[in-house]
$ cat coords37.cif   # mmCIF, N, CA and C atoms
data_start
loop_
_atom_site.label_atom_id
_atom_site.label_comp_id
_atom_site.auth_asym_id
_atom_site.auth_seq_id
_atom_site.Cartn_x
_atom_site.Cartn_y
_atom_site.Cartn_z
N MET A 1 91.71 38.66 -51.36
CA MET A 1 90.93 38.49 -50.16
C MET A 1 89.88 37.40 -50.37
N LYS A 2 89.30 37.35 -51.57
CA LYS A 2 88.31 36.31 -51.85
C LYS A 2 88.92 34.92 -51.73
N LYS A 3 90.17 34.79 -52.20
CA LYS A 3 90.84 33.50 -52.13
C LYS A 3 91.06 33.09 -50.68
N LEU A 4 91.46 34.05 -49.83
CA LEU A 4 91.66 33.78 -48.41
C LEU A 4 90.36 33.34 -47.76
N LEU A 5 89.26 34.03 -48.06
CA LEU A 5 87.96 33.66 -47.50
C LEU A 5 87.52 32.29 -47.99
N THR A 6 87.80 31.97 -49.24
CA THR A 6 87.45 30.67 -49.79
C THR A 6 88.19 29.56 -49.06
N ILE A 7 89.47 29.79 -48.80
CA ILE A 7 90.26 28.79 -48.08
C ILE A 7 89.74 28.62 -46.67
N ILE A 8 89.43 29.73 -46.01
CA ILE A 8 88.92 29.66 -44.64
C ILE A 8 87.61 28.88 -44.60
N ILE A 9 86.72 29.18 -45.53
CA ILE A 9 85.43 28.48 -45.56
C ILE A 9 85.63 27.00 -45.84
N SER A 10 86.52 26.65 -46.77
CA SER A 10 86.71 25.23 -47.06
C SER A 10 87.36 24.51 -45.88
N VAL A 11 88.22 25.21 -45.15
CA VAL A 11 88.82 24.60 -43.96
C VAL A 11 87.73 24.32 -42.93
N LEU A 12 86.86 25.30 -42.70
CA LEU A 12 85.79 25.12 -41.73
C LEU A 12 84.86 23.99 -42.13
N LEU A 13 84.52 23.93 -43.40
CA LEU A 13 83.66 22.84 -43.86
C LEU A 13 84.34 21.49 -43.70
N THR A 14 85.63 21.45 -43.99
CA THR A 14 86.37 20.20 -43.84
C THR A 14 86.36 19.75 -42.39
N LEU A 15 86.63 20.67 -41.48
CA LEU A 15 86.66 20.31 -40.07
C LEU A 15 85.27 19.93 -39.56
N THR A 16 84.25 20.61 -40.05
CA THR A 16 82.89 20.33 -39.60
C THR A 16 82.38 19.01 -40.14
N LEU A 17 82.64 18.74 -41.40
CA LEU A 17 82.10 17.55 -42.03
C LEU A 17 82.93 16.30 -41.79
N SER A 18 84.15 16.49 -41.37
CA SER A 18 85.04 15.35 -41.18
C SER A 18 84.85 14.75 -39.80
N SER A 19 84.47 13.48 -39.76
CA SER A 19 84.26 12.85 -38.46
C SER A 19 85.52 12.13 -37.98
N CYS A 20 86.48 11.94 -38.87
CA CYS A 20 87.72 11.31 -38.44
C CYS A 20 88.89 12.17 -38.90
N THR A 21 89.98 12.05 -38.18
CA THR A 21 91.16 12.84 -38.49
C THR A 21 91.93 12.20 -39.63
N LYS A 22 92.32 13.02 -40.58
CA LYS A 22 93.16 12.56 -41.67
C LYS A 22 94.60 12.88 -41.30
N GLU A 23 95.49 11.94 -41.50
CA GLU A 23 96.89 12.19 -41.22
C GLU A 23 97.42 13.25 -42.16
N LEU A 24 98.39 14.00 -41.66
CA LEU A 24 99.01 15.03 -42.50
C LEU A 24 99.74 14.39 -43.67
N PRO A 25 99.72 15.02 -44.83
CA PRO A 25 100.52 14.53 -45.96
C PRO A 25 102.00 14.54 -45.59
N GLU A 26 102.79 13.76 -46.29
CA GLU A 26 104.19 13.59 -45.93
C GLU A 26 105.03 14.86 -46.00
N GLN A 27 104.60 15.86 -46.78
CA GLN A 27 105.39 17.09 -46.88
C GLN A 27 105.27 17.98 -45.63
N TYR A 28 104.39 17.60 -44.70
CA TYR A 28 104.19 18.38 -43.48
C TYR A 28 104.72 17.62 -42.27
N ASP A 29 105.32 18.37 -41.36
CA ASP A 29 105.78 17.82 -40.09
C ASP A 29 104.90 18.40 -39.00
N GLU A 30 104.28 17.54 -38.19
CA GLU A 30 103.32 18.01 -37.19
C GLU A 30 103.95 18.95 -36.17
N ALA A 31 105.17 18.67 -35.74
CA ALA A 31 105.84 19.53 -34.76
C ALA A 31 106.12 20.92 -35.35
N THR A 32 106.54 20.95 -36.60
CA THR A 32 106.80 22.24 -37.27
C THR A 32 105.50 23.01 -37.45
N LEU A 33 104.44 22.29 -37.79
CA LEU A 33 103.13 22.91 -37.95
C LEU A 33 102.65 23.51 -36.63
N LEU A 34 102.79 22.76 -35.54
CA LEU A 34 102.39 23.26 -34.23
C LEU A 34 103.22 24.49 -33.85
N ASP A 35 104.52 24.45 -34.08
CA ASP A 35 105.39 25.60 -33.78
C ASP A 35 104.96 26.84 -34.56
N ALA A 36 104.66 26.66 -35.85
CA ALA A 36 104.23 27.78 -36.69
C ALA A 36 102.92 28.36 -36.17
N ALA A 37 102.00 27.50 -35.80
CA ALA A 37 100.70 27.96 -35.30
C ALA A 37 100.85 28.68 -33.96
N LEU A 38 101.65 28.12 -33.05
CA LEU A 38 101.85 28.77 -31.76
C LEU A 38 102.55 30.12 -31.91
N ALA A 39 103.43 30.24 -32.90
CA ALA A 39 104.07 31.53 -33.17
C ALA A 39 103.03 32.54 -33.65
N THR A 40 102.10 32.11 -34.48
CA THR A 40 101.03 32.99 -34.95
C THR A 40 100.14 33.41 -33.79
N ILE A 41 99.83 32.48 -32.90
CA ILE A 41 99.00 32.79 -31.73
C ILE A 41 99.72 33.77 -30.81
N GLU A 42 101.02 33.61 -30.65
CA GLU A 42 101.79 34.55 -29.83
C GLU A 42 101.72 35.96 -30.44
N LEU A 43 101.81 36.05 -31.75
CA LEU A 43 101.68 37.35 -32.42
C LEU A 43 100.29 37.94 -32.17
N ALA A 44 99.27 37.10 -32.19
CA ALA A 44 97.91 37.57 -31.91
C ALA A 44 97.82 38.08 -30.48
N ASN A 45 98.43 37.37 -29.56
CA ASN A 45 98.36 37.76 -28.16
C ASN A 45 99.09 39.07 -27.87
N THR A 46 100.05 39.41 -28.69
CA THR A 46 100.74 40.69 -28.55
C THR A 46 100.14 41.75 -29.48
N LEU A 47 99.04 41.38 -30.15
CA LEU A 47 98.32 42.27 -31.07
C LEU A 47 99.20 42.75 -32.22
N ASP A 48 100.15 41.92 -32.64
CA ASP A 48 101.05 42.26 -33.75
C ASP A 48 100.44 41.76 -35.07
N TYR A 49 99.40 42.45 -35.50
CA TYR A 49 98.68 42.04 -36.70
C TYR A 49 99.51 42.22 -37.97
N GLU A 50 100.42 43.16 -37.96
CA GLU A 50 101.31 43.34 -39.12
C GLU A 50 102.18 42.11 -39.32
N ALA A 51 102.71 41.57 -38.23
CA ALA A 51 103.54 40.37 -38.34
C ALA A 51 102.72 39.17 -38.80
N ILE A 52 101.49 39.07 -38.32
CA ILE A 52 100.62 37.97 -38.78
C ILE A 52 100.38 38.12 -40.28
N ALA A 53 100.03 39.31 -40.70
CA ALA A 53 99.77 39.55 -42.12
C ALA A 53 101.02 39.28 -42.97
N SER A 54 102.18 39.59 -42.44
CA SER A 54 103.41 39.37 -43.22
C SER A 54 103.74 37.88 -43.35
N SER A 55 103.13 37.03 -42.52
CA SER A 55 103.37 35.60 -42.65
C SER A 55 102.37 34.93 -43.59
N VAL A 56 101.42 35.71 -44.10
CA VAL A 56 100.45 35.20 -45.07
C VAL A 56 101.15 35.07 -46.43
N ARG A 57 100.85 34.00 -47.13
CA ARG A 57 101.47 33.78 -48.45
C ARG A 57 101.24 35.00 -49.33
N GLU A 58 102.27 35.38 -50.05
CA GLU A 58 102.30 36.63 -50.80
C GLU A 58 101.10 36.82 -51.73
N ASP A 59 100.66 35.79 -52.43
CA ASP A 59 99.55 35.95 -53.37
C ASP A 59 98.20 36.15 -52.67
N LEU A 60 98.14 35.93 -51.36
CA LEU A 60 96.91 36.13 -50.60
C LEU A 60 96.91 37.44 -49.82
N TYR A 61 98.04 38.10 -49.81
CA TYR A 61 98.17 39.35 -49.06
C TYR A 61 97.39 40.46 -49.79
N SER A 62 96.74 41.31 -49.01
CA SER A 62 96.05 42.46 -49.57
C SER A 62 96.39 43.69 -48.74
N ASP A 63 96.15 44.85 -49.30
CA ASP A 63 96.45 46.10 -48.61
C ASP A 63 95.61 46.28 -47.35
N THR A 64 94.48 45.62 -47.27
CA THR A 64 93.60 45.77 -46.11
C THR A 64 93.72 44.62 -45.12
N LEU A 65 94.63 43.69 -45.35
CA LEU A 65 94.71 42.49 -44.52
C LEU A 65 94.99 42.81 -43.05
N VAL A 66 95.94 43.69 -42.77
CA VAL A 66 96.25 44.02 -41.38
C VAL A 66 95.01 44.58 -40.69
N GLU A 67 94.34 45.49 -41.35
CA GLU A 67 93.13 46.10 -40.78
C GLU A 67 92.01 45.08 -40.63
N ASP A 68 91.89 44.17 -41.59
CA ASP A 68 90.86 43.13 -41.52
C ASP A 68 91.08 42.20 -40.32
N ILE A 69 92.33 41.79 -40.11
CA ILE A 69 92.64 40.93 -38.97
C ILE A 69 92.37 41.69 -37.67
N LYS A 70 92.85 42.92 -37.61
CA LYS A 70 92.66 43.73 -36.41
C LYS A 70 91.17 43.90 -36.09
N ASN A 71 90.38 44.26 -37.08
CA ASN A 71 88.95 44.47 -36.86
C ASN A 71 88.24 43.19 -36.42
N GLY A 72 88.69 42.05 -36.92
CA GLY A 72 88.05 40.79 -36.57
C GLY A 72 88.51 40.25 -35.23
N TRP A 73 89.78 40.40 -34.92
CA TRP A 73 90.35 39.75 -33.74
C TRP A 73 90.46 40.64 -32.51
N ASP A 74 90.67 41.93 -32.70
CA ASP A 74 90.85 42.83 -31.56
C ASP A 74 89.72 42.75 -30.53
N PRO A 75 88.45 42.83 -30.96
CA PRO A 75 87.37 42.78 -29.97
C PRO A 75 87.33 41.45 -29.21
N ILE A 76 87.62 40.37 -29.88
CA ILE A 76 87.59 39.04 -29.25
C ILE A 76 88.73 38.91 -28.25
N LEU A 77 89.93 39.30 -28.67
CA LEU A 77 91.09 39.17 -27.79
C LEU A 77 91.00 40.09 -26.58
N SER A 78 90.47 41.29 -26.76
CA SER A 78 90.38 42.20 -25.62
C SER A 78 89.40 41.69 -24.57
N LYS A 79 88.34 41.02 -24.99
CA LYS A 79 87.38 40.44 -24.04
C LYS A 79 87.93 39.17 -23.39
N ALA A 80 88.79 38.46 -24.10
CA ALA A 80 89.30 37.18 -23.60
C ALA A 80 90.25 37.36 -22.42
N GLY A 81 90.92 38.48 -22.34
CA GLY A 81 91.86 38.70 -21.25
C GLY A 81 93.23 38.10 -21.54
N ALA A 82 93.98 37.86 -20.48
CA ALA A 82 95.35 37.38 -20.61
C ALA A 82 95.38 35.92 -21.08
N TYR A 83 96.33 35.64 -21.96
CA TYR A 83 96.54 34.28 -22.46
C TYR A 83 97.11 33.42 -21.34
N LYS A 84 96.60 32.21 -21.20
CA LYS A 84 97.09 31.27 -20.19
C LYS A 84 97.92 30.16 -20.84
N GLU A 85 97.26 29.38 -21.73
CA GLU A 85 97.93 28.23 -22.34
C GLU A 85 97.06 27.66 -23.45
N TYR A 86 97.68 26.83 -24.29
CA TYR A 86 96.86 26.06 -25.21
C TYR A 86 96.60 24.73 -24.54
N THR A 87 95.40 24.22 -24.74
CA THR A 87 95.01 23.00 -24.03
C THR A 87 94.96 21.77 -24.93
N GLN A 88 94.72 21.97 -26.20
CA GLN A 88 94.70 20.85 -27.13
C GLN A 88 94.80 21.36 -28.55
N TYR A 89 95.15 20.46 -29.45
CA TYR A 89 95.19 20.80 -30.87
C TYR A 89 94.88 19.57 -31.70
N GLN A 90 94.48 19.83 -32.92
CA GLN A 90 94.24 18.75 -33.88
C GLN A 90 94.79 19.20 -35.22
N ALA A 91 95.63 18.38 -35.80
CA ALA A 91 96.22 18.68 -37.10
C ALA A 91 95.61 17.76 -38.14
N THR A 92 95.25 18.33 -39.27
CA THR A 92 94.68 17.58 -40.36
C THR A 92 95.04 18.31 -41.65
N TYR A 93 94.33 18.05 -42.73
CA TYR A 93 94.58 18.79 -43.97
C TYR A 93 93.30 18.89 -44.77
N THR A 94 93.36 19.78 -45.72
CA THR A 94 92.28 19.93 -46.68
C THR A 94 92.89 20.03 -48.07
N THR A 95 92.09 19.74 -49.06
CA THR A 95 92.54 19.81 -50.44
C THR A 95 91.67 20.80 -51.18
N ASP A 96 92.31 21.72 -51.91
CA ASP A 96 91.52 22.70 -52.66
C ASP A 96 91.06 22.11 -53.99
N GLU A 97 90.33 22.91 -54.76
CA GLU A 97 89.76 22.42 -56.02
C GLU A 97 90.81 22.05 -57.05
N ASP A 98 92.06 22.54 -56.87
CA ASP A 98 93.15 22.20 -57.78
C ASP A 98 93.94 20.98 -57.31
N GLY A 99 93.53 20.40 -56.19
CA GLY A 99 94.20 19.23 -55.66
C GLY A 99 95.37 19.54 -54.74
N TYR A 100 95.60 20.81 -54.43
CA TYR A 100 96.70 21.18 -53.55
C TYR A 100 96.30 20.93 -52.09
N GLU A 101 97.18 20.31 -51.33
CA GLU A 101 96.91 19.98 -49.94
C GLU A 101 97.47 21.06 -49.01
N TYR A 102 96.63 21.50 -48.09
CA TYR A 102 97.01 22.47 -47.08
C TYR A 102 96.89 21.83 -45.71
N ALA A 103 97.89 22.06 -44.86
CA ALA A 103 97.81 21.59 -43.47
C ALA A 103 96.88 22.53 -42.72
N VAL A 104 96.07 21.95 -41.86
CA VAL A 104 95.12 22.73 -41.04
C VAL A 104 95.33 22.30 -39.59
N ILE A 105 95.46 23.29 -38.73
CA ILE A 105 95.61 22.99 -37.31
C ILE A 105 94.62 23.83 -36.52
N ALA A 106 93.87 23.18 -35.67
CA ALA A 106 92.94 23.85 -34.78
C ALA A 106 93.53 23.75 -33.37
N ILE A 107 93.69 24.90 -32.72
CA ILE A 107 94.30 24.94 -31.39
C ILE A 107 93.33 25.63 -30.43
N VAL A 108 93.02 24.95 -29.35
CA VAL A 108 92.16 25.50 -28.31
C VAL A 108 93.05 26.18 -27.28
N CYS A 109 92.78 27.46 -27.02
CA CYS A 109 93.61 28.24 -26.11
C CYS A 109 92.76 28.79 -24.96
N LYS A 110 93.30 28.66 -23.78
CA LYS A 110 92.63 29.15 -22.58
C LYS A 110 93.14 30.56 -22.28
N TYR A 111 92.19 31.46 -22.06
CA TYR A 111 92.48 32.84 -21.68
C TYR A 111 91.86 33.10 -20.31
N GLU A 112 92.18 34.21 -19.75
CA GLU A 112 91.67 34.58 -18.43
C GLU A 112 90.14 34.54 -18.37
N ASN A 113 89.47 35.06 -19.42
CA ASN A 113 88.02 35.17 -19.40
C ASN A 113 87.29 34.32 -20.44
N ASP A 114 88.02 33.54 -21.23
CA ASP A 114 87.38 32.84 -22.33
C ASP A 114 88.27 31.71 -22.82
N THR A 115 87.72 30.88 -23.67
CA THR A 115 88.47 29.87 -24.40
C THR A 115 88.27 30.15 -25.88
N LEU A 116 89.36 30.28 -26.62
CA LEU A 116 89.30 30.59 -28.04
C LEU A 116 89.91 29.46 -28.84
N THR A 117 89.36 29.24 -30.02
CA THR A 117 89.90 28.24 -30.92
C THR A 117 90.42 28.93 -32.17
N TYR A 118 91.69 28.72 -32.46
CA TYR A 118 92.31 29.22 -33.68
C TYR A 118 92.33 28.08 -34.69
N THR A 119 91.93 28.37 -35.91
CA THR A 119 92.04 27.41 -36.99
C THR A 119 92.93 28.06 -38.05
N LEU A 120 94.11 27.50 -38.22
CA LEU A 120 95.12 28.09 -39.09
C LEU A 120 95.50 27.09 -40.17
N SER A 121 95.68 27.58 -41.38
CA SER A 121 96.04 26.73 -42.52
C SER A 121 97.37 27.20 -43.08
N TYR A 122 98.18 26.24 -43.49
CA TYR A 122 99.52 26.53 -44.00
C TYR A 122 99.77 25.76 -45.29
N ASP A 123 100.56 26.38 -46.18
CA ASP A 123 100.99 25.66 -47.36
C ASP A 123 102.24 24.85 -47.00
N GLU A 124 102.80 24.15 -47.97
CA GLU A 124 103.93 23.26 -47.66
C GLU A 124 105.20 24.00 -47.24
N ASP A 125 105.26 25.31 -47.47
CA ASP A 125 106.39 26.12 -47.00
C ASP A 125 106.07 26.79 -45.66
N TYR A 126 104.96 26.40 -45.06
CA TYR A 126 104.48 26.93 -43.78
C TYR A 126 104.18 28.42 -43.85
N ASN A 127 103.74 28.87 -45.03
CA ASN A 127 103.17 30.21 -45.16
C ASN A 127 101.71 30.11 -44.77
N LEU A 128 101.24 31.09 -44.06
CA LEU A 128 99.85 31.12 -43.61
C LEU A 128 98.94 31.36 -44.82
N VAL A 129 97.95 30.50 -45.00
CA VAL A 129 97.02 30.65 -46.11
C VAL A 129 95.57 30.74 -45.64
N GLY A 130 95.35 30.57 -44.38
CA GLY A 130 94.01 30.70 -43.83
C GLY A 130 94.08 30.93 -42.33
N LEU A 131 93.22 31.81 -41.82
CA LEU A 131 93.21 32.07 -40.38
C LEU A 131 91.81 32.39 -39.93
N TYR A 132 91.44 31.79 -38.82
CA TYR A 132 90.11 31.98 -38.26
C TYR A 132 90.23 31.80 -36.75
N MET A 133 89.48 32.61 -36.02
CA MET A 133 89.48 32.49 -34.58
C MET A 133 88.06 32.70 -34.07
N LYS A 134 87.65 31.86 -33.14
CA LYS A 134 86.33 32.07 -32.50
C LYS A 134 86.43 31.71 -31.05
#
$ encode --input "coords37.cif" --output "structure tokens"
Amino acid sequence: MKKLLTIIISVLLTLTLSSCTKELPEQYDEATLLDAALATIELANTLDYEAIASSVREDLYSDTLVEDIKNGWDPILSKAGAYKEYTQYQATYTTDEDGYEYAVIAIVCKYENDTLTYTLSYDEDYNLVGLYMK
């Protein structure tokens, strides 16, 4: 869980501190990345936290992950209302302390009562390695 939180924090710092978009490394395909992220968002919209947790890379999975996602996202999603559409996205990447590059995609989604931004990170096999929603 600490590793997952570290990745999430580094992704947020990268997005916050970065004033220009970095192109995705060659091992990532932007269309595949967008499809993976939209699939994760669809799982969130159906409150299928088990499926989201099962898409997390195995070494980052914990016994409390499903409950952690549910506790963090359920209150936000229930207030947001029905999902309408995604309105924009930005794909970039971050590099961890070992030099490994992770694709990061931020997707702005319009809901009935709110607008939410998902920031999702994936490894080169498109396993989820970081997830954040606000």
$ resolve_selection --input "coords37.cif" --expression "the PyMOL selection byres (((chain A and resi 46 and name CA) around 12) and name CA)" --output "VMD selection string"
chain A and resid 39 to 45 47 to 52 70 73 to 74 77 to 78 81 to 83
$ atom_distance --input "coords37.cif" --atom1 "atom N of Thr115 (chain A)" --atom2 "atom N of Tyr132 (chain A)"
15.6 Å
$ closest_residue --input "coords37.cif" --among "A:Tyr111, A:Tyr61, A:Tyr100, A:Tyr86" --to "Asp123 (chain A)" --atoms "only C-alpha atoms"
A:Tyr100
$ residues_around --input "coords37.cif" --residues "Glu124 (chain A)" --least-positions-apart "5" --cutoff "6.5 Å" --atoms "all atoms listed in the file" --output "list in words"
Gln27, Tyr28, Glu101, Tyr102 and Ala103 of chain A
$ residues_near_point --input "coords37.cif" --point "(91.2, 32.7, -35.2)" --cutoff "6 Å" --atoms "only C-alpha atoms" --output "list of chain:residue names"
A:Tyr118, A:Thr119, A:Leu131, A:Tyr132, A:Met133, A:Lys134
